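S.K.: Below: one structure in structure tokens.
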Amino acid sequence: MPPADPAASHARIHAVVRRIPRGRVASYGQVAELAGLPGAARLVGYALSALGPGSGVPWQRVVNARGALSPRSEPWAELEQRRRLEREGVRLGRDGRIDLDRHGWRPRRGKK
DNA sequence: GCAATGACGCTCT
DNA sequence: CAGAGCGCCATTG
């Protein structure tokens with residue numbers, strides 16, 4: 001399969017994040033893998049940051065592999081993300097970490 | 001077109 | 001457990 005176009009990868013990531021159900025979180029690496037870009041965790045973060053408000057993408061459900069939120073250019077967003085997740089039923093530990101064992105998204109290979 | 005940067009991940013020391 | 005190094009792809013100067 002030929003290499004995917006830049007815009008395609010972007011769209012794939014976008015689609016994967018959108019399928020994350022409420023109350024669950026997925027890691028960047030996981031999203032990247034599902035998007036067909038294994039090992040490109042950075043791309044996910046970059047793609048999301050490049051997006052923006054109103055994109056319809058629940059970016060808040062994307063956290064790092066440790067289940068913690070990633071500091072962004074502006075610290076406000078981190079708090080916003082945490083607040084949104086808690087509102088969806090996701091509880092954070094004392095260290096601000098999410099129990100992936102409990103809230104980690106387990107995609108179904110329904111893909112075909 | 002090259003170099004630097006960025007919401008990351010994994011392995012090794 | 002903490003720190004450093006390498007890989008990954010796209011965007012920007």
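Please note that chains go A, B, ... in the order of the structure tokens, that every chain numbers its residues from 1, and that ligands are numbered from 1 in the order shown.
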Tell me which protein, DNA and RNA residues are within 10 Å of segment 1-8 of chain C, counting only C-alpha atoms (C1' of nucleotides), leaving out same-chain ones fewer than 3 positions away, and put them as a VMD selection string.
M.R.: (chain A and resid 37 to 43) or (chain B and resid 8 to 13)
S.K.: Residues of chain A that approach chain B to 7 Å or less, counting only C-alpha atoms (C1' of nucleotides): could you list each one with the shortest pair of atoms and its distance in Å to one decimal, rows by chain and increasing residue number, as CSV?
M.R.:
```
residue,atom,partner,partner_atom,distance
A:Tyr28,CA,B:DC8,C1',6.6
A:Gly29,CA,B:DG9,C1',6.8
A:Ala41,CA,B:DC8,C1',4.9
A:Arg42,CA,B:DC8,C1',4.8
A:Gly45,CA,B:DA7,C1',4.4
A:Tyr46,CA,B:DG6,C1',6.4
A:Ser49,CA,B:DA7,C1',6.3
A:Asn64,CA,B:DC8,C1',6.9
A:Ser70,CA,B:DA7,C1',5.8
A:Pro71,CA,B:DA7,C1',6.9
A:Arg72,CA,B:DA7,C1',5.7
```
S.K.: Would you mind exporting the chosen residues as a compact mmCIF listing (two decimals), in the first residue's frame, restricted to C-alpha atoms?
M.R.:
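Generated output (selection.txt):
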```txt
# COMPACT_ATOMS: atom_id res chain seq x y z
CA TYR A 28 -1.53 8.88 21.58
CA GLY A 29 0.33 5.78 20.58
CA ALA A 41 2.48 9.20 18.46
CA ARG A 42 3.78 12.70 17.86
CA GLY A 45 -0.59 15.32 19.21
CA TYR A 46 0.45 17.53 16.38
CA SER A 49 -3.16 20.81 18.16
CA ASN A 64 -0.34 9.97 27.03
CA SER A 70 0.17 16.47 28.53
CA PRO A 71 1.19 20.02 29.16
CA ARG A 72 0.32 22.22 26.23
```
S.K.: Using DSSP on the backbone coordinates, identify the residues of chain A assigned to strand (DSSP E); present them as a list in words.
M.R.: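 Of chain A, only Ala26, Ser27, Val62 and Val63 of chain A fall in strand (DSSP E).
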S.K.: Let's see if you can do this: from backbone DSSP, list all alpha helix (DSSP H) residues in segment 20-94 of chain A, as a PyMOL selection string.
M.R.: chain A and resi 28-34+41-50+75-88
S.K.: Excluding Val63 of chain A and residues on its chain fewer than 4 positions from it, collect all residues at most 9 Å away from it, counting only C-alpha atoms (C1' of nucleotides), and give them as a list in words.
M.R.: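 Near Val63 of chain A, the qualifying residues are Val25, Ala26, Ser27, Tyr28, Trp59, Gly67, Ala68, Leu69, Ser70 and Ile98 of chain A; DA7 of chain B.
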S.K.: For the selection you just gave me, I'd like the residues written to a file as a CSV table (one decimal), in the first residue's frame, keeping C-alpha atoms (C1' of nucleotides).
M.R.:
```
chain,number,residue,atom,x,y,z
A,25,VAL,CA,-9.5,7.5,27.1
A,26,ALA,CA,-7.0,6.4,24.6
A,27,SER,CA,-3.2,7.1,24.4
A,28,TYR,CA,-1.5,8.9,21.6
A,59,TRP,CA,-9.3,15.6,21.9
A,67,GLY,CA,-2.7,8.0,31.5
A,68,ALA,CA,-1.7,11.6,32.4
A,69,LEU,CA,-2.5,14.8,30.6
A,70,SER,CA,0.2,16.5,28.5
A,98,ILE,CA,-6.1,8.1,34.9
B,7,DA,C1',-0.5,17.7,22.9
```
S.K.: Using only C-alpha atoms (C1' of nucleotides), which of A:Ala11, A:Val31, A:Ala50, A:Val16 sits nearest chain C?
M.R.: A:Ala50
S.K.: In terms of the shortest atom-to-atom distance over only C-alpha atoms, which of A:Leu100, A:Gly89, A:Ala65, A:Ala47 is closest to Pro6 of chain A?
M.R.: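 Residue with the minimum atom-to-atom distance to Pro6 of chain A: A:Ala47.
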S.K.: What does the structure give for the distance between atom C1' of DA10 of chain C and atom CA of Ile13 of chain A, in Å to one decimal?
M.R.: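 Atom CA of Ile13 of chain A lies 12.6 Å from atom C1' of DA10 of chain C.
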